[in-house]
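**Student:** Handing over final-v3.pdb, PDB, C-alpha atoms.
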ATOM      1  CA  MET G   1      67.894 -86.416  37.573
ATOM      2  CA  ASP G   2      65.945 -83.360  36.437
ATOM      3  CA  VAL G   3      66.913 -82.088  32.984
ATOM      4  CA  VAL G   4      66.015 -78.509  32.050
ATOM      5  CA  ILE G   5      66.067 -77.814  28.309
ATOM      6  CA  GLY G   6      66.584 -74.124  27.645
ATOM      7  CA  THR G   7      68.432 -71.609  29.816
ATOM      8  CA  GLY G   8      66.417 -68.494  29.047
ATOM      9  CA  SER G   9      64.491 -66.663  31.743
ATOM     10  CA  LEU G  10      62.012 -69.476  32.454
ATOM     11  CA  GLY G  11      64.512 -72.320  32.176
ATOM     12  CA  SER G  12      66.970 -70.551  34.478
ATOM     13  CA  ALA G  13      64.212 -69.879  37.017
ATOM     14  CA  VAL G  14      63.225 -73.575  36.926
ATOM     15  CA  VAL G  15      66.864 -74.531  37.578
ATOM     16  CA  ARG G  16      66.900 -72.215  40.603
ATOM     17  CA  GLN G  17      63.672 -73.706  41.943
ATOM     18  CA  LEU G  18      64.957 -77.267  41.578
ATOM     19  CA  THR G  19      68.349 -76.600  43.145
ATOM     20  CA  ALA G  20      66.607 -74.862  46.061
ATOM     21  CA  GLN G  21      64.796 -78.175  46.610
ATOM     22  CA  GLY G  22      68.128 -80.012  46.619
ATOM     23  CA  ARG G  23      67.391 -81.782  43.344
ATOM     24  CA  LEU G  24      70.112 -83.060  41.004
ATOM     25  CA  VAL G  25      69.820 -80.875  37.892
ATOM     26  CA  ARG G  26      71.352 -80.716  34.426
ATOM     27  CA  ALA G  27      70.714 -77.720  32.175
ATOM     28  CA  VAL G  28      70.836 -78.183  28.400
ATOM     29  CA  ASN G  29      71.099 -75.667  25.581
ATOM     30  CA  SER G  30      72.691 -75.430  22.163
ATOM     31  CA  THR G  31      75.906 -73.697  23.304
ATOM     32  CA  GLY G  32      76.813 -75.192  26.664
ATOM     33  CA  GLU G  33      76.972 -71.692  28.137
ATOM     34  CA  GLY G  34      74.632 -69.954  30.543
ATOM     35  CA  GLU G  35      74.256 -68.643  34.083
ATOM     36  CA  THR G  36      73.246 -71.377  36.511
ATOM     37  CA  PRO G  37      73.592 -71.905  40.259
ATOM     38  CA  GLU G  38      76.842 -73.360  41.514
ATOM     39  CA  GLY G  39      77.071 -77.077  40.856
ATOM     40  CA  VAL G  40      74.685 -77.096  37.885
ATOM     41  CA  ALA G  41      76.387 -77.994  34.629
ATOM     42  CA  VAL G  42      75.209 -76.645  31.270
ATOM     43  CA  THR G  43      75.492 -79.279  28.562
ATOM     44  CA  ALA G  44      75.559 -78.448  24.861
ATOM     45  CA  ALA G  45      73.283 -80.616  22.727
ATOM     46  CA  ASP G  46      71.260 -80.501  19.521
ATOM     47  CA  ILE G  47      68.004 -81.433  21.182
ATOM     48  CA  CYS G  48      66.264 -81.484  17.775
ATOM     49  CA  ASP G  49      68.125 -84.714  17.002
ATOM     50  CA  PRO G  50      66.169 -87.706  18.390
ATOM     51  CA  GLU G  51      69.329 -89.727  19.003
ATOM     52  CA  GLU G  52      70.995 -86.799  20.751
ATOM     53  CA  ALA G  53      67.853 -86.302  22.827
ATOM     54  CA  LYS G  54      67.873 -89.959  23.873
ATOM     55  CA  ARG G  55      71.501 -89.644  24.944
ATOM     56  CA  ILE G  56      71.083 -86.433  26.920
ATOM     57  CA  LEU G  57      67.845 -87.621  28.564
ATOM     58  CA  SER G  58      68.895 -91.214  29.240
ATOM     59  CA  ASP G  59      69.078 -90.699  33.016
ATOM     60  CA  ALA G  60      66.217 -88.199  33.311
ATOM     61  CA  ASP G  61      63.319 -88.605  35.700
ATOM     62  CA  THR G  62      61.731 -85.301  34.690
ATOM     63  CA  VAL G  63      62.320 -83.112  31.641
ATOM     64  CA  PHE G  64      61.450 -79.433  31.827
ATOM     65  CA  LEU G  65      61.026 -78.173  28.268
ATOM     66  CA  CYS G  66      61.578 -74.407  28.411
ATOM     67  CA  THR G  67      62.786 -73.719  24.876
ATOM     68  CA  ASN G  68      62.052 -70.211  23.630
ATOM     69  CA  PRO G  69      60.790 -70.320  20.009
ATOM     70  CA  GLU G  70      62.631 -67.065  19.328
ATOM     71  CA  ARG G  71      65.890 -68.922  19.940
ATOM     72  CA  CYS G  72      65.047 -71.569  17.351
ATOM     73  CA  ARG G  73      66.117 -71.116  13.745
ATOM     74  CA  GLY G  74      62.531 -71.440  12.592
ATOM     75  CA  ALA G  75      59.072 -72.185  13.880
ATOM     76  CA  ARG G  76      59.295 -75.802  12.676
ATOM     77  CA  ARG G  77      62.254 -76.327  15.008
ATOM     78  CA  VAL G  78      59.888 -76.033  17.974
ATOM     79  CA  MET G  79      58.111 -79.171  16.787
ATOM     80  CA  ASP G  80      61.450 -80.863  16.113
ATOM     81  CA  VAL G  81      62.407 -80.242  19.741
ATOM     82  CA  ALA G  82      59.063 -81.523  21.049
ATOM     83  CA  SER G  83      59.212 -84.675  18.924
ATOM     84  CA  ALA G  84      62.800 -85.443  19.913
ATOM     85  CA  VAL G  85      62.036 -84.846  23.603
ATOM     86  CA  ILE G  86      59.118 -87.269  23.393
ATOM     87  CA  GLU G  87      61.449 -89.947  21.984
ATOM     88  CA  GLY G  88      64.079 -89.302  24.643
ATOM     89  CA  ALA G  89      61.591 -89.126  27.516
ATOM     90  CA  ALA G  90      59.829 -92.291  26.356
ATOM     91  CA  ALA G  91      63.121 -94.182  26.307
ATOM     92  CA  ALA G  92      64.026 -92.924  29.796
ATOM     93  CA  GLY G  93      60.530 -93.255  31.286
ATOM     94  CA  ALA G  94      60.619 -89.555  32.153
ATOM     95  CA  THR G  95      57.868 -86.999  32.736
ATOM     96  CA  VAL G  96      57.834 -83.922  30.458
ATOM     97  CA  ALA G  97      56.708 -80.537  31.829
ATOM     98  CA  TYR G  98      56.361 -77.996  29.019
ATOM     99  CA  GLY G  99      56.575 -74.251  29.627
ATOM    100  CA  ASP G 100      54.177 -72.840  27.008
ATOM    101  CA  THR G 101      52.436 -69.464  26.623
ATOM    102  CA  VAL G 102      48.880 -68.301  26.012
ATOM    103  CA  ALA G 103      50.078 -67.214  22.557
ATOM    104  CA  ALA G 104      49.065 -70.742  21.528
ATOM    105  CA  TYR G 105      45.385 -69.765  21.737
ATOM    106  CA  GLY G 106      45.153 -66.907  19.267
ATOM    107  CA  PRO G 107      42.806 -63.887  19.566
ATOM    108  CA  ALA G 108      40.009 -64.119  22.143
ATOM    109  CA  ASP G 109      37.281 -61.792  23.366
ATOM    110  CA  GLU G 110      37.316 -63.284  26.881
ATOM    111  CA  PRO G 111      40.019 -64.220  29.395
ATOM    112  CA  TYR G 112      42.107 -67.173  28.240
ATOM    113  CA  HIS G 113      41.106 -70.389  30.007
ATOM    114  CA  GLU G 114      42.299 -73.978  29.746
ATOM    115  CA  GLU G 115      39.210 -75.251  27.924
ATOM    116  CA  MET G 116      39.971 -73.077  24.895
ATOM    117  CA  GLN G 117      41.318 -74.770  21.794
ATOM    118  CA  PRO G 118      44.817 -73.614  20.747
ATOM    119  CA  THR G 119      44.045 -72.011  17.386
ATOM    120  CA  ALA G 120      46.817 -69.433  17.027
ATOM    121  CA  PRO G 121      46.811 -68.225  13.404
ATOM    122  CA  GLY G 122      50.498 -67.310  13.003
ATOM    123  CA  ARG G 123      53.361 -69.745  12.569
ATOM    124  CA  TRP G 124      55.030 -69.024  15.912
ATOM    125  CA  GLY G 125      51.841 -69.376  17.928
ATOM    126  CA  ARG G 126      50.879 -72.398  15.843
ATOM    127  CA  ALA G 127      54.259 -73.985  16.595
ATOM    128  CA  ARG G 128      53.598 -73.544  20.300
ATOM    129  CA  ALA G 129      50.123 -75.051  19.960
ATOM    130  CA  ASP G 130      51.346 -77.998  17.887
ATOM    131  CA  ALA G 131      54.110 -78.761  20.387
ATOM    132  CA  SER G 132      51.749 -78.809  23.367
ATOM    133  CA  GLU G 133      49.139 -80.871  21.524
ATOM    134  CA  THR G 134      51.776 -83.382  20.419
ATOM    135  CA  LEU G 135      53.066 -83.771  23.976
ATOM    136  CA  LEU G 136      49.557 -84.247  25.377
ATOM    137  CA  ALA G 137      48.735 -86.746  22.611
ATOM    138  CA  ALA G 138      51.842 -88.729  23.550
ATOM    139  CA  HIS G 139      50.632 -88.670  27.160
ATOM    140  CA  ALA G 140      47.154 -89.867  26.149
ATOM    141  CA  ALA G 141      48.746 -92.680  24.142
ATOM    142  CA  GLY G 142      50.726 -93.791  27.187
ATOM    143  CA  ARG G 143      54.125 -93.079  25.657
ATOM    144  CA  ILE G 144      55.131 -90.461  28.240
ATOM    145  CA  ARG G 145      53.708 -88.513  31.160
ATOM    146  CA  ALA G 146      53.287 -84.846  30.231
ATOM    147  CA  VAL G 147      51.836 -81.624  31.565
ATOM    148  CA  VAL G 148      51.616 -78.153  29.988
ATOM    149  CA  LEU G 149      51.845 -74.817  31.775
ATOM    150  CA  ARG G 150      50.892 -71.633  29.905
ATOM    151  CA  THR G 151      51.933 -68.167  30.987
ATOM    152  CA  SER G 152      51.328 -64.630  29.852
ATOM    153  CA  ASP G 153      54.242 -62.257  29.118
ATOM    154  CA  LEU G 154      56.930 -62.864  31.724
ATOM    155  CA  TYR G 155      58.602 -60.293  33.930
ATOM    156  CA  GLY G 156      60.946 -60.603  36.885
ATOM    157  CA  PRO G 157      64.621 -61.129  37.791
ATOM    158  CA  GLY G 158      66.453 -62.636  34.835
ATOM    159  CA  VAL G 159      63.842 -61.545  32.284
ATOM    160  CA  ARG G 160      65.250 -59.270  29.592
ATOM    161  CA  ASP G 161      63.763 -60.254  26.209
ATOM    162  CA  SER G 162      60.093 -59.982  27.202
ATOM    163  CA  PRO G 163      58.144 -56.810  26.334
ATOM    164  CA  TYR G 164      57.934 -56.500  30.134
ATOM    165  CA  GLY G 165      61.689 -56.834  30.600
ATOM    166  CA  GLN G 166      64.432 -54.567  29.278
ATOM    167  CA  PRO G 167      62.062 -52.331  27.245
ATOM    168  CA  ILE G 168      60.423 -51.204  30.486
ATOM    169  CA  PHE G 169      62.687 -51.916  33.470
ATOM    170  CA  GLY G 170      66.034 -51.428  31.763
ATOM    171  CA  ARG G 171      65.075 -48.279  29.927
ATOM    172  CA  LEU G 172      63.430 -46.582  32.908
ATOM    173  CA  LEU G 173      66.456 -47.302  35.085
ATOM    174  CA  ASP G 174      68.693 -45.909  32.323
ATOM    175  CA  GLY G 175      66.716 -42.664  32.383
ATOM    176  CA  LYS G 176      64.902 -43.398  29.102
ATOM    177  CA  ALA G 177      61.218 -43.688  28.237
ATOM    178  CA  ALA G 178      59.752 -47.171  28.617
ATOM    179  CA  LEU G 179      58.758 -48.780  25.312
ATOM    180  CA  VAL G 180      55.223 -50.177  25.326
ATOM    181  CA  LEU G 181      53.785 -52.297  22.524
ATOM    182  CA  GLY G 182      50.360 -51.401  21.159
ATOM    183  CA  ASP G 183      47.718 -49.657  23.252
ATOM    184  CA  PRO G 184      49.130 -48.488  26.614
ATOM    185  CA  ASP G 185      45.610 -48.423  28.067
ATOM    186  CA  ALA G 186      44.557 -51.978  27.110
ATOM    187  CA  THR G 187      44.571 -54.196  30.209
ATOM    188  CA  HIS G 188      47.308 -56.831  29.989
ATOM    189  CA  ALA G 189      48.049 -59.782  32.278
ATOM    190  CA  VAL G 190      51.689 -60.540  33.108
ATOM    191  CA  THR G 191      53.271 -63.529  34.889
ATOM    192  CA  TYR G 192      56.104 -63.282  37.410
ATOM    193  CA  VAL G 193      58.856 -65.628  36.218
ATOM    194  CA  GLU G 194      59.473 -67.195  39.636
ATOM    195  CA  ASP G 195      55.743 -67.992  39.925
ATOM    196  CA  ALA G 196      55.844 -69.639  36.497
ATOM    197  CA  ALA G 197      58.906 -71.718  37.390
ATOM    198  CA  ARG G 198      57.457 -72.727  40.750
ATOM    199  CA  ALA G 199      54.206 -73.758  39.072
ATOM    200  CA  LEU G 200      55.950 -75.805  36.373
ATOM    201  CA  VAL G 201      57.938 -77.687  39.021
ATOM    202  CA  ALA G 202      54.821 -78.269  41.144
ATOM    203  CA  LEU G 203      52.885 -79.648  38.184
ATOM    204  CA  ALA G 204      55.731 -81.953  37.174
ATOM    205  CA  GLN G 205      55.882 -83.354  40.695
ATOM    206  CA  GLN G 206      52.114 -83.924  41.043
ATOM    207  CA  PRO G 207      51.051 -86.845  38.784
ATOM    208  CA  VAL G 208      47.368 -86.014  39.298
ATOM    209  CA  THR G 209      47.894 -82.857  37.196
ATOM    210  CA  HIS G 210      49.458 -84.663  34.233
ATOM    211  CA  GLY G 211      47.787 -84.885  30.853
ATOM    212  CA  GLU G 212      46.310 -81.401  31.175
ATOM    213  CA  VAL G 213      46.918 -77.735  30.397
ATOM    214  CA  TRP G 214      47.275 -75.332  33.337
ATOM    215  CA  HIS G 215      47.685 -71.570  33.562
ATOM    216  CA  ALA G 216      50.373 -70.112  35.788
ATOM    217  CA  PRO G 217      49.224 -68.076  38.777
ATOM    218  CA  THR G 218      48.795 -64.552  37.466
ATOM    219  CA  PRO G 219      47.885 -61.457  39.510
ATOM    220  CA  THR G 220      45.147 -58.985  38.624
ATOM    221  CA  ALA G 221      45.933 -57.430  35.246
ATOM    222  CA  VAL G 222      46.765 -53.750  34.817
ATOM    223  CA  THR G 223      47.328 -51.587  31.760
ATOM    224  CA  PRO G 224      50.868 -51.110  30.439
ATOM    225  CA  ARG G 225      50.633 -47.470  31.502
ATOM    226  CA  GLU G 226      49.810 -48.540  35.074
ATOM    227  CA  PHE G 227      52.614 -51.126  34.990
ATOM    228  CA  VAL G 228      55.114 -48.466  33.923
ATOM    229  CA  GLU G 229      53.902 -46.193  36.717
ATOM    230  CA  LEU G 230      54.414 -48.992  39.269
ATOM    231  CA  VAL G 231      57.942 -49.660  37.973
ATOM    232  CA  ALA G 232      58.774 -45.950  38.020
ATOM    233  CA  ALA G 233      57.500 -45.612  41.583
ATOM    234  CA  ALA G 234      59.580 -48.601  42.727
ATOM    235  CA  ALA G 235      62.649 -47.193  40.968
ATOM    236  CA  ASP G 236      61.950 -43.589  42.026
ATOM    237  CA  VAL G 237      62.146 -42.325  38.435
ATOM    238  CA  GLN G 238      59.792 -40.485  36.106
ATOM    239  CA  PRO G 239      57.123 -42.746  34.487
ATOM    240  CA  ASP G 240      57.979 -41.784  30.915
ATOM    241  CA  LEU G 241      56.366 -43.961  28.263
ATOM    242  CA  ARG G 242      56.668 -44.269  24.509
ATOM    243  CA  ARG G 243      54.207 -46.306  22.487
ATOM    244  CA  VAL G 244      55.466 -48.679  19.762
ATOM    245  CA  PRO G 245      52.675 -48.676  17.144
ATOM    246  CA  GLY G 246      51.661 -51.616  15.012
ATOM    247  CA  TRP G 247      52.949 -50.062  11.813
ATOM    248  CA  PHE G 248      56.472 -50.070  13.282
ATOM    249  CA  ALA G 249      56.280 -53.852  13.748
ATOM    250  CA  LEU G 250      55.254 -54.207  10.108
ATOM    251  CA  LEU G 251      58.218 -52.130   8.951
ATOM    252  CA  ALA G 252      60.705 -53.837  11.281
ATOM    253  CA  ALA G 253      59.553 -57.422  10.667
ATOM    254  CA  PRO G 254      61.682 -58.060   7.533
ATOM    255  CA  PHE G 255      64.806 -57.165   9.498
ATOM    256  CA  SER G 256      64.057 -58.579  12.953
ATOM    257  CA  LYS G 257      62.992 -62.082  14.037
ATOM    258  CA  ARG G 258      61.619 -60.560  17.236
ATOM    259  CA  TYR G 259      59.321 -58.207  15.366
ATOM    260  CA  ARG G 260      58.305 -60.915  12.899
ATOM    261  CA  ARG G 261      57.016 -62.888  15.872
ATOM    262  CA  LEU G 262      55.492 -59.844  17.559
ATOM    263  CA  ARG G 263      53.717 -58.774  14.371
ATOM    264  CA  GLU G 264      51.557 -61.911  14.411
ATOM    265  CA  LEU G 265      50.891 -61.425  18.139
ATOM    266  CA  TRP G 266      50.046 -57.728  17.950
ATOM    267  CA  TYR G 267      46.427 -58.399  18.919
ATOM    268  CA  CYS G 268      47.805 -59.235  22.393
ATOM    269  CA  TYR G 269      48.924 -55.644  22.793
ATOM    270  CA  ASP G 270      46.217 -53.651  21.026
ATOM    271  CA  GLU G 271      43.360 -55.385  22.856
ATOM    272  CA  PRO G 272      42.707 -56.505  26.454
ATOM    273  CA  HIS G 273      44.828 -59.577  27.234
ATOM    274  CA  LEU G 274      43.522 -61.471  30.262
ATOM    275  CA  VAL G 275      44.321 -64.884  31.756
ATOM    276  CA  ASP G 276      42.066 -67.044  33.931
ATOM    277  CA  ASP G 277      44.194 -68.853  36.544
ATOM    278  CA  ARG G 278      41.346 -70.206  38.703
ATOM    279  CA  LYS G 279      42.162 -73.836  37.911
ATOM    280  CA  TYR G 280      45.647 -73.517  39.388
ATOM    281  CA  VAL G 281      44.440 -71.405  42.308
ATOM    282  CA  SER G 282      41.724 -73.919  43.230
ATOM    283  CA  THR G 283      44.338 -76.698  43.364
ATOM    284  CA  PHE G 284      47.427 -75.006  44.797
ATOM    285  CA  GLY G 285      46.075 -71.836  46.412
ATOM    286  CA  ASP G 286      46.378 -68.181  45.448
ATOM    287  CA  VAL G 287      50.170 -68.041  45.345
ATOM    288  CA  ALA G 288      50.719 -65.397  42.658
ATOM    289  CA  THR G 289      53.312 -62.859  43.752
ATOM    290  CA  PRO G 290      51.631 -59.455  44.201
ATOM    291  CA  LEU G 291      52.521 -57.167  41.321
ATOM    292  CA  GLU G 292      54.118 -54.545  43.556
ATOM    293  CA  ASP G 293      56.378 -57.146  45.209
ATOM    294  CA  GLY G 294      57.449 -58.688  41.902
ATOM    295  CA  ILE G 295      58.193 -55.286  40.421
ATOM    296  CA  GLU G 296      60.262 -54.275  43.445
ATOM    297  CA  ARG G 297      62.364 -57.450  43.209
ATOM    298  CA  THR G 298      62.833 -56.934  39.484
ATOM    299  CA  VAL G 299      63.969 -53.338  39.944
ATOM    300  CA  GLU G 300      66.489 -54.565  42.523
ATOM    301  CA  TRP G 301      67.779 -57.180  40.057
ATOM    302  CA  TYR G 302      68.244 -54.631  37.270
ATOM    303  CA  ARG G 303      69.915 -52.199  39.663
ATOM    304  CA  ASP G 304      72.256 -54.958  40.793
ATOM    305  CA  GLY G 305      73.532 -55.234  37.224
ATOM    306  CA  GLY G 306      71.440 -58.262  36.308
ATOM    307  CA  ARG G 307      73.420 -60.707  38.396
ATOM    308  CA  GLN G 308      72.171 -64.178  39.248
ATOM    309  CA  ALA G 309      68.624 -64.057  40.602
ATOM    310  CA  VAL G 310      67.794 -65.546  43.976
ATOM    311  CA  VAL G 311      64.813 -67.836  44.484
ATOM    312  CA  GLN G 312      62.066 -66.004  46.328
ATOM    313  CA  PRO G 313      59.767 -67.915  48.692
ATOM    314  CA  PRO G 314      56.158 -68.096  47.513
ATOM    315  CA  PRO G 315      53.595 -65.904  49.238
ATOM    316  CA  ALA G 316      51.360 -67.767  51.649
ATOM    317  CA  ALA G 317      48.220 -69.192  50.063
ATOM    318  CA  GLU G 318      44.993 -67.635  51.258
TER
END
Once more with this new file: its structure as structure tokens, please.

**Tutor:**
Amino acid sequence: MDVVIGTGSLGSAVVRQLTAQGRLVRAVNSTGEGETPEGVAVTAADICDPEEAKRILSDADTVFLCTNPERCRGARRVMDVASAVIEGAAAAGATVAYGDTVAAYGPADEPYHEEMQPTAPGRWGRARADASETLLAAHAAGRIRAVVLRTSDLYGPGVRDSPYGQPIFGRLLDGKAALVLGDPDATHAVTYVEDAARALVALAQQPVTHGEVWHAPTPTAVTPREFVELVAAAADVQPDLRRVPGWFALLAAPFSKRYRRLRELWYCYDEPHLVDDRKYVSTFGDVATPLEDGIERTVEWYRDGGRQAVVQPPPAAE
């Protein structure tokens, strides 16, 4: 049994990947509601409770931890989830594959790579870093088997909440200007959600990768302005763009959890934001979906009214 914790964009994509493989899957979130492929149940559970985690994971072979910190009631809840999952996975003898982000690293003047220490200064990034380090420490201690995958900002079918989701795709298709955080001319890496899900599943199923941090396959980075132009071309609309400045995040933060989190991550959007994926590529091949292809599929998904995404086959490795 594969158990996927979290039914946001990454968790849902992982469920699709697993069901496409014919795996037996259970999705878990706090409400018991969510869009999943036919035959996949969504179970409501308080995964922060160690006893509840043991119950819900009792028959798990692999646990995919795809909880979005924004959905938690506080940054500390991310660690509560990680700690409870460790207890449940240890009792079941299950492997834990954690879907993390490069936000765990903090500011950097070079492309993010796996040898960097996770030193994010803000509480949300720090929560991510603490969760991944705790999981890897449990692996090193022999309590569980664990692997961590880090991504950049996600985009793709099913992705709405990302800065590269509704603020760009949805608004352009609605005839509005795309909203871009920070400097529209600072190069920024993005990760296609299906690539991230496929990578997380591959890492979970390859024991030789366990105990390590990996970066999801990520295509050549472009600026937000160039990304908007590619989306507009695919959608056959005008590439209108509106910049969201840093001072707006400061003003909005007291009233919005999203902007409280984004405020501490603003360096990601005002400076070049690059990701080194050579470790994954050298092991699994260059399987990142070309940006133009991913954008075209995402435009189709938004135009289709945001209905259930379909698993796309990976591009052939070079």

**Student:** State, in Å with one decimal place, the distance from atom CA of Glu87 of chain G to atom CA of Gly211 of chain G.

**Tutor:**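 Going from atom CA of Glu87 of chain G over to atom CA of Gly211 of chain G, I get 17.1 Å.
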
**Student:** Evaluate the PyMOL selection byres ((chain G and resi 2) around 7) and record the selected residues as a PyMOL selection string, following the chain and residue labels used in the document.

**Tutor:** chain G and resi 1+3-4+24-26+60-63

**Student:** Can you list every residue of segment 173-226 of chain G that has an atom at most 12 Å from segment 260-279 of chain G, with its nearest atom pair and the distance in Å to one decimal, using only C-alpha atoms, ordered by chain then number, as JSON lines?

**Tutor:**
{"residue": "G:Val180", "atom": "CA", "partner": "G:Tyr269", "partner_atom": "CA", "distance": 8.7}
{"residue": "G:Leu181", "atom": "CA", "partner": "G:Tyr269", "partner_atom": "CA", "distance": 5.9}
{"residue": "G:Gly182", "atom": "CA", "partner": "G:Asp270", "partner_atom": "CA", "distance": 4.7}
{"residue": "G:Asp183", "atom": "CA", "partner": "G:Asp270", "partner_atom": "CA", "distance": 4.8}
{"residue": "G:Pro184", "atom": "CA", "partner": "G:Tyr269", "partner_atom": "CA", "distance": 8.1}
{"residue": "G:Asp185", "atom": "CA", "partner": "G:Pro272", "partner_atom": "CA", "distance": 8.7}
{"residue": "G:Ala186", "atom": "CA", "partner": "G:Pro272", "partner_atom": "CA", "distance": 4.9}
{"residue": "G:Thr187", "atom": "CA", "partner": "G:Pro272", "partner_atom": "CA", "distance": 4.8}
{"residue": "G:His188", "atom": "CA", "partner": "G:His273", "partner_atom": "CA", "distance": 4.6}
{"residue": "G:Ala189", "atom": "CA", "partner": "G:Leu274", "partner_atom": "CA", "distance": 5.2}
{"residue": "G:Val190", "atom": "CA", "partner": "G:Val275", "partner_atom": "CA", "distance": 8.7}
{"residue": "G:Thr191", "atom": "CA", "partner": "G:Val275", "partner_atom": "CA", "distance": 9.6}
{"residue": "G:Ala196", "atom": "CA", "partner": "G:Asp277", "partner_atom": "CA", "distance": 11.7}
{"residue": "G:Ala199", "atom": "CA", "partner": "G:Asp277", "partner_atom": "CA", "distance": 11.4}
{"residue": "G:Thr209", "atom": "CA", "partner": "G:Lys279", "partner_atom": "CA", "distance": 10.7}
{"residue": "G:Glu212", "atom": "CA", "partner": "G:Lys279", "partner_atom": "CA", "distance": 10.9}
{"residue": "G:Val213", "atom": "CA", "partner": "G:Lys279", "partner_atom": "CA", "distance": 9.7}
{"residue": "G:Trp214", "atom": "CA", "partner": "G:Lys279", "partner_atom": "CA", "distance": 7.0}
{"residue": "G:His215", "atom": "CA", "partner": "G:Asp277", "partner_atom": "CA", "distance": 5.3}
{"residue": "G:Ala216", "atom": "CA", "partner": "G:Asp277", "partner_atom": "CA", "distance": 6.4}
{"residue": "G:Pro217", "atom": "CA", "partner": "G:Asp277", "partner_atom": "CA", "distance": 5.6}
{"residue": "G:Thr218", "atom": "CA", "partner": "G:Asp277", "partner_atom": "CA", "distance": 6.4}
{"residue": "G:Pro219", "atom": "CA", "partner": "G:Asp277", "partner_atom": "CA", "distance": 8.8}
{"residue": "G:Thr220", "atom": "CA", "partner": "G:Leu274", "partner_atom": "CA", "distance": 8.9}
{"residue": "G:Ala221", "atom": "CA", "partner": "G:Leu274", "partner_atom": "CA", "distance": 6.9}
{"residue": "G:Val222", "atom": "CA", "partner": "G:Leu274", "partner_atom": "CA", "distance": 9.5}
{"residue": "G:Thr223", "atom": "CA", "partner": "G:Pro272", "partner_atom": "CA", "distance": 8.6}
{"residue": "G:Pro224", "atom": "CA", "partner": "G:Tyr269", "partner_atom": "CA", "distance": 9.1}

**Student:** Can you pull out the residues contacting Ser83 of chain G? Cut-off 9 Å, using all atoms listed in the file, and skip same-chain residues under 2 positions away; I want them as a PDB file with C-alpha atoms, in the frame of the given file.

**Tutor:**
ATOM      1  CA  CYS G  48      66.264 -81.484  17.775  1.00  0.00           C
ATOM      2  CA  PRO G  50      66.169 -87.706  18.390  1.00  0.00           C
ATOM      3  CA  VAL G  78      59.888 -76.033  17.974  1.00  0.00           C
ATOM      4  CA  MET G  79      58.111 -79.171  16.787  1.00  0.00           C
ATOM      5  CA  ASP G  80      61.450 -80.863  16.113  1.00  0.00           C
ATOM      6  CA  VAL G  81      62.407 -80.242  19.741  1.00  0.00           C
ATOM      7  CA  VAL G  85      62.036 -84.846  23.603  1.00  0.00           C
ATOM      8  CA  ILE G  86      59.118 -87.269  23.393  1.00  0.00           C
ATOM      9  CA  GLU G  87      61.449 -89.947  21.984  1.00  0.00           C
ATOM     10  CA  GLY G  88      64.079 -89.302  24.643  1.00  0.00           C
ATOM     11  CA  ALA G 131      54.110 -78.761  20.387  1.00  0.00           C
ATOM     12  CA  THR G 134      51.776 -83.382  20.419  1.00  0.00           C
ATOM     13  CA  LEU G 135      53.066 -83.771  23.976  1.00  0.00           C
TER      14      LEU G 135
END

**Student:** Taking the file as shown, find all residues satisfying the PyMOL selection byres ((chain G and resi 34-44) around 10) and write them as a ChimeraX atom specification.

**Tutor:** /G:4-8,11-13,15-16,19-20,24-33,45-47,56,158,307-310

**Student:** Can you spit out the residues from that selection as a compact mmCIF listing (two decimals), keeping the file's coordinate frame, using C-alpha atoms?

**Tutor:**
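part.txt, freshly written:
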# COMPACT_ATOMS: atom_id res chain seq x y z
CA VAL G 4 66.02 -78.51 32.05
CA ILE G 5 66.07 -77.81 28.31
CA GLY G 6 66.58 -74.12 27.64
CA THR G 7 68.43 -71.61 29.82
CA GLY G 8 66.42 -68.49 29.05
CA GLY G 11 64.51 -72.32 32.18
CA SER G 12 66.97 -70.55 34.48
CA ALA G 13 64.21 -69.88 37.02
CA VAL G 15 66.86 -74.53 37.58
CA ARG G 16 66.90 -72.22 40.60
CA THR G 19 68.35 -76.60 43.14
CA ALA G 20 66.61 -74.86 46.06
CA LEU G 24 70.11 -83.06 41.00
CA VAL G 25 69.82 -80.88 37.89
CA ARG G 26 71.35 -80.72 34.43
CA ALA G 27 70.71 -77.72 32.17
CA VAL G 28 70.84 -78.18 28.40
CA ASN G 29 71.10 -75.67 25.58
CA SER G 30 72.69 -75.43 22.16
CA THR G 31 75.91 -73.70 23.30
CA GLY G 32 76.81 -75.19 26.66
CA GLU G 33 76.97 -71.69 28.14
CA ALA G 45 73.28 -80.62 22.73
CA ASP G 46 71.26 -80.50 19.52
CA ILE G 47 68.00 -81.43 21.18
CA ILE G 56 71.08 -86.43 26.92
CA GLY G 158 66.45 -62.64 34.84
CA ARG G 307 73.42 -60.71 38.40
CA GLN G 308 72.17 -64.18 39.25
CA ALA G 309 68.62 -64.06 40.60
CA VAL G 310 67.79 -65.55 43.98

**Student:** Please evaluate the PyMOL selection byres ((chain G and resi 144) around 8) against the structure above and give the resulting residues as a list of chain:residue names.

**Tutor:**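 For this structure, the PyMOL selection byres ((chain G and resi 144) around 8) captures G:Ile86, G:Ala89, G:Ala90, G:Gly93, G:Ala94, G:Thr95, G:Val96, G:Ala138, G:His139, G:Ala141, G:Gly142, G:Arg143, G:Arg145, G:Ala146.
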
**Student:** May I ask which of the residues G:Trp124, G:Tyr105, G:Tyr112, G:Tyr98 is the closest one to Leu65 of chain G, counting all atoms listed in the file?

**Tutor:**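 Answer, going by the shortest atom-to-atom distance: G:Tyr98.
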
**Student:** For a test of reading the model, state the distance in Å between atom CA of Ala92 of chain G and atom CA of Gln21 of chain G, rounded to one decimal.

**Tutor:**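 Spanning atom CA of Ala92 of chain G to atom CA of Gln21 of chain G is a straight-line distance of 22.4 Å.
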
**Student:** Using all atoms listed in the file, what residues lie at most 6 Å away from (56.4, -59.4, 33.7) (file coordinates), given as a PyMOL selection string?

**Tutor:** chain G and resi 153-156+164+190-192
